[in-house]
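S.K.: The structure that follows is given in the form of structure tokens.
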Amino acid sequence: MQSVCSPAGVCASPDRGGVYNYQMKFTCDICVIGGGAIGKATALALAQAGHDVTLLSPDAAVTAPQDHWDLRVYALNQGANALLSSLKVWDAMDQARIAPVDAMAIRGDDAGLGGHLGFDAYGARVGALAWIVEDSNLNQALDSALRFAPGVKRITTTASELHIDTNQAIVTLDNGDNVTCSLVVGADGANSWVRGQADINIDYRSYNQNAVVANFECERPHHGTASQWFLGSEGIVALLPLPGNRVSLVWSAP
């Protein structure tokens, strides 16, 4: 017995008992694999450029924090702001939870000699050097945009196999469905499954550091300044401004 397929792309293959198991066969221009902010923004941008896009990402609901602030924040620069604005995502975020960076103060481990670097938005002739945005705030806005985006099909099933030849790529999903496309984008993190399936080598170099993150509400105002200290053997400490007198600590600790 042979597999049978409908015009809608539903195919069925019989098992040994003659029972047909049904799988979906999807086709698109580009398949983006990765459920984070990078994968979502990539899918939206490619669809806006006229491509037929399939996004493989988990259906994890992102909820806005009520009485606390995300430990994970992003410092988004002018380019990221322009991209998210063009995708109609920037204005969809909760603006009350976004802090502009008006200045940067960088200090080195110089035995008290006072060496430092400083930058500010006025000198750079921009409205802000960057913006500090919580992970949940950004992802909620991206999820909302994806729900209404033409040209993007979002599939929440995990990929299990990737086959690449000179003409196309076929992504097999763990439920037996598959996606045929011309391009696969791996936006699936540091331990990328796509990179491994495509035999793309990478060299790892340890910085011998661990990341310590926390949020604080301070007595004194930060004046929109992102501060960074290079402390030699103690690592690198950064304090990023959040709305009000809050700051996000990022310590690259030994």
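Letters for chains follow the order of the structure tokens (A, B, ...), residue numbers begin at 1 for each chain, and ligand numbers begin at 1 in the order shown.
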Can you tell me which residues surround Leu117 of chain A at a distance of at most 12 Å, considering only C-alpha atoms, apart from same-chain residues fewer than 5 positions away, and format the answer as a list in words?
M.R.: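 Selected residues are Ala103, Met104, Ala105, Ile106, Arg107, Gly108, Ala226, Ser227, Gln228, Trp229 and Phe230 of chain A.
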S.K.: For the residues in the current selection, export N, CA, C and O atoms as an mmCIF file, in the first residue's frame.
M.R.:
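Resulting contents of result.cif:
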data_model
loop_
_atom_site.group_PDB
_atom_site.id
_atom_site.type_symbol
_atom_site.label_atom_id
_atom_site.label_comp_id
_atom_site.auth_asym_id
_atom_site.auth_seq_id
_atom_site.Cartn_x
_atom_site.Cartn_y
_atom_site.Cartn_z
ATOM 1 N N ALA A 103 22.468 58.386 29.377
ATOM 2 C CA ALA A 103 23.917 58.545 29.498
ATOM 3 C C ALA A 103 24.531 57.216 29.908
ATOM 4 O O ALA A 103 23.861 56.342 30.456
ATOM 5 N N MET A 104 25.828 57.069 29.632
ATOM 6 C CA MET A 104 26.588 55.899 30.050
ATOM 7 C C MET A 104 27.842 56.360 30.773
ATOM 8 O O MET A 104 28.537 57.278 30.314
ATOM 9 N N ALA A 105 28.122 55.728 31.913
ATOM 10 C CA ALA A 105 29.318 56.036 32.689
ATOM 11 C C ALA A 105 30.114 54.749 32.866
ATOM 12 O O ALA A 105 29.598 53.769 33.416
ATOM 13 N N ILE A 106 31.347 54.720 32.378
ATOM 14 C CA ILE A 106 32.182 53.519 32.400
ATOM 15 C C ILE A 106 33.445 53.826 33.175
ATOM 16 O O ILE A 106 34.163 54.790 32.874
ATOM 17 N N ARG A 107 33.728 52.997 34.168
ATOM 18 C CA ARG A 107 34.902 53.202 35.014
ATOM 19 C C ARG A 107 35.746 51.939 35.040
ATOM 20 O O ARG A 107 35.215 50.833 35.064
ATOM 21 N N GLY A 108 37.065 52.107 35.062
ATOM 22 C CA GLY A 108 37.975 50.976 35.032
ATOM 23 C C GLY A 108 38.630 50.703 36.363
ATOM 24 O O GLY A 108 38.546 51.509 37.301
ATOM 25 N N ALA A 226 23.301 54.499 32.633
ATOM 26 C CA ALA A 226 23.766 53.115 32.736
ATOM 27 C C ALA A 226 25.226 53.150 33.171
ATOM 28 O O ALA A 226 26.068 53.724 32.491
ATOM 29 N N SER A 227 25.518 52.556 34.317
ATOM 30 C CA SER A 227 26.865 52.592 34.876
ATOM 31 C C SER A 227 27.526 51.226 34.759
ATOM 32 O O SER A 227 26.867 50.192 34.924
ATOM 33 N N GLN A 228 28.816 51.223 34.502
ATOM 34 C CA GLN A 228 29.556 49.977 34.367
ATOM 35 C C GLN A 228 30.933 50.145 35.002
ATOM 36 O O GLN A 228 31.620 51.128 34.771
ATOM 37 N N TRP A 229 31.312 49.161 35.813
ATOM 38 C CA TRP A 229 32.606 49.175 36.490
ATOM 39 C C TRP A 229 33.388 47.918 36.108
ATOM 40 O O TRP A 229 32.869 46.792 36.244
ATOM 41 N N PHE A 230 34.616 48.089 35.645
ATOM 42 C CA PHE A 230 35.527 46.970 35.400
ATOM 43 C C PHE A 230 36.390 46.825 36.652
ATOM 44 O O PHE A 230 37.241 47.683 36.931
#
S.K.: Can you pull out the residues contacting segment 120-123 of chain A? Cut-off 9 Å, using only C-alpha atoms, and skip same-chain residues under 2 positions away; I want them as a VMD selection string.
M.R.: chain A and resid 101 to 105 118 125 to 130 225
S.K.: Name the closest residue to Val213 of chain A among the candidates A:Gly235, A:Asn245, A:Ala37, A:Trp251; distances are taken between atoms, counting only C-alpha atoms.
M.R.: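 Of the candidates, the smallest distance to Val213 of chain A is held by A:Trp251.
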S.K.: What parts of segment 3-203 of chain A does DSSP call alpha helix (DSSP H)? I'd like the answer as a count of residues only.
M.R.: 43
S.K.: For Gln168 of chain A, which of A:Ser182, A:Thr156, A:Gln209, A:Ser57 is the closest residue, counting only C-alpha atoms?
M.R.: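 Counting only C-alpha atoms, the residue closest to Gln168 of chain A is A:Ser182.
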S.K.: I'd like to know which residues of segment 59-207 of chain A are strand (DSSP E or B) (by DSSP, run on the backbone); could you write them as an NGL selection string?
M.R.: :A and (73-76 or 99-101 or 103-107 or 116-120 or 130-134 or 152-155 or 159-164 or 169-173 or 178-181 or 183-186)
S.K.: Go through A:Phe119, A:Val171, A:Ala145, A:Leu231 and flag the residue nearest Gln48 of chain A, using only C-alpha atoms for the distances.
M.R.: A:Ala145
S.K.: Choose the residue, out of A:Arg205, A:Arg97, A:Arg154, A:His223, that has the smallest atom-to-atom separation from Leu138 of chain A; count only C-alpha atoms.
M.R.: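 Nearest candidate to Leu138 of chain A out of A:Arg205, A:Arg97, A:Arg154, A:His223: A:Arg97.
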S.K.: Given only C-alpha atoms as the basis, pick out the residue of A:Tyr204, A:Ile155, A:Asn167, A:Asn137 nearest to Asp94 of chain A.
M.R.: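 The shortest atom-to-atom distance to Asp94 of chain A comes from A:Asn137.
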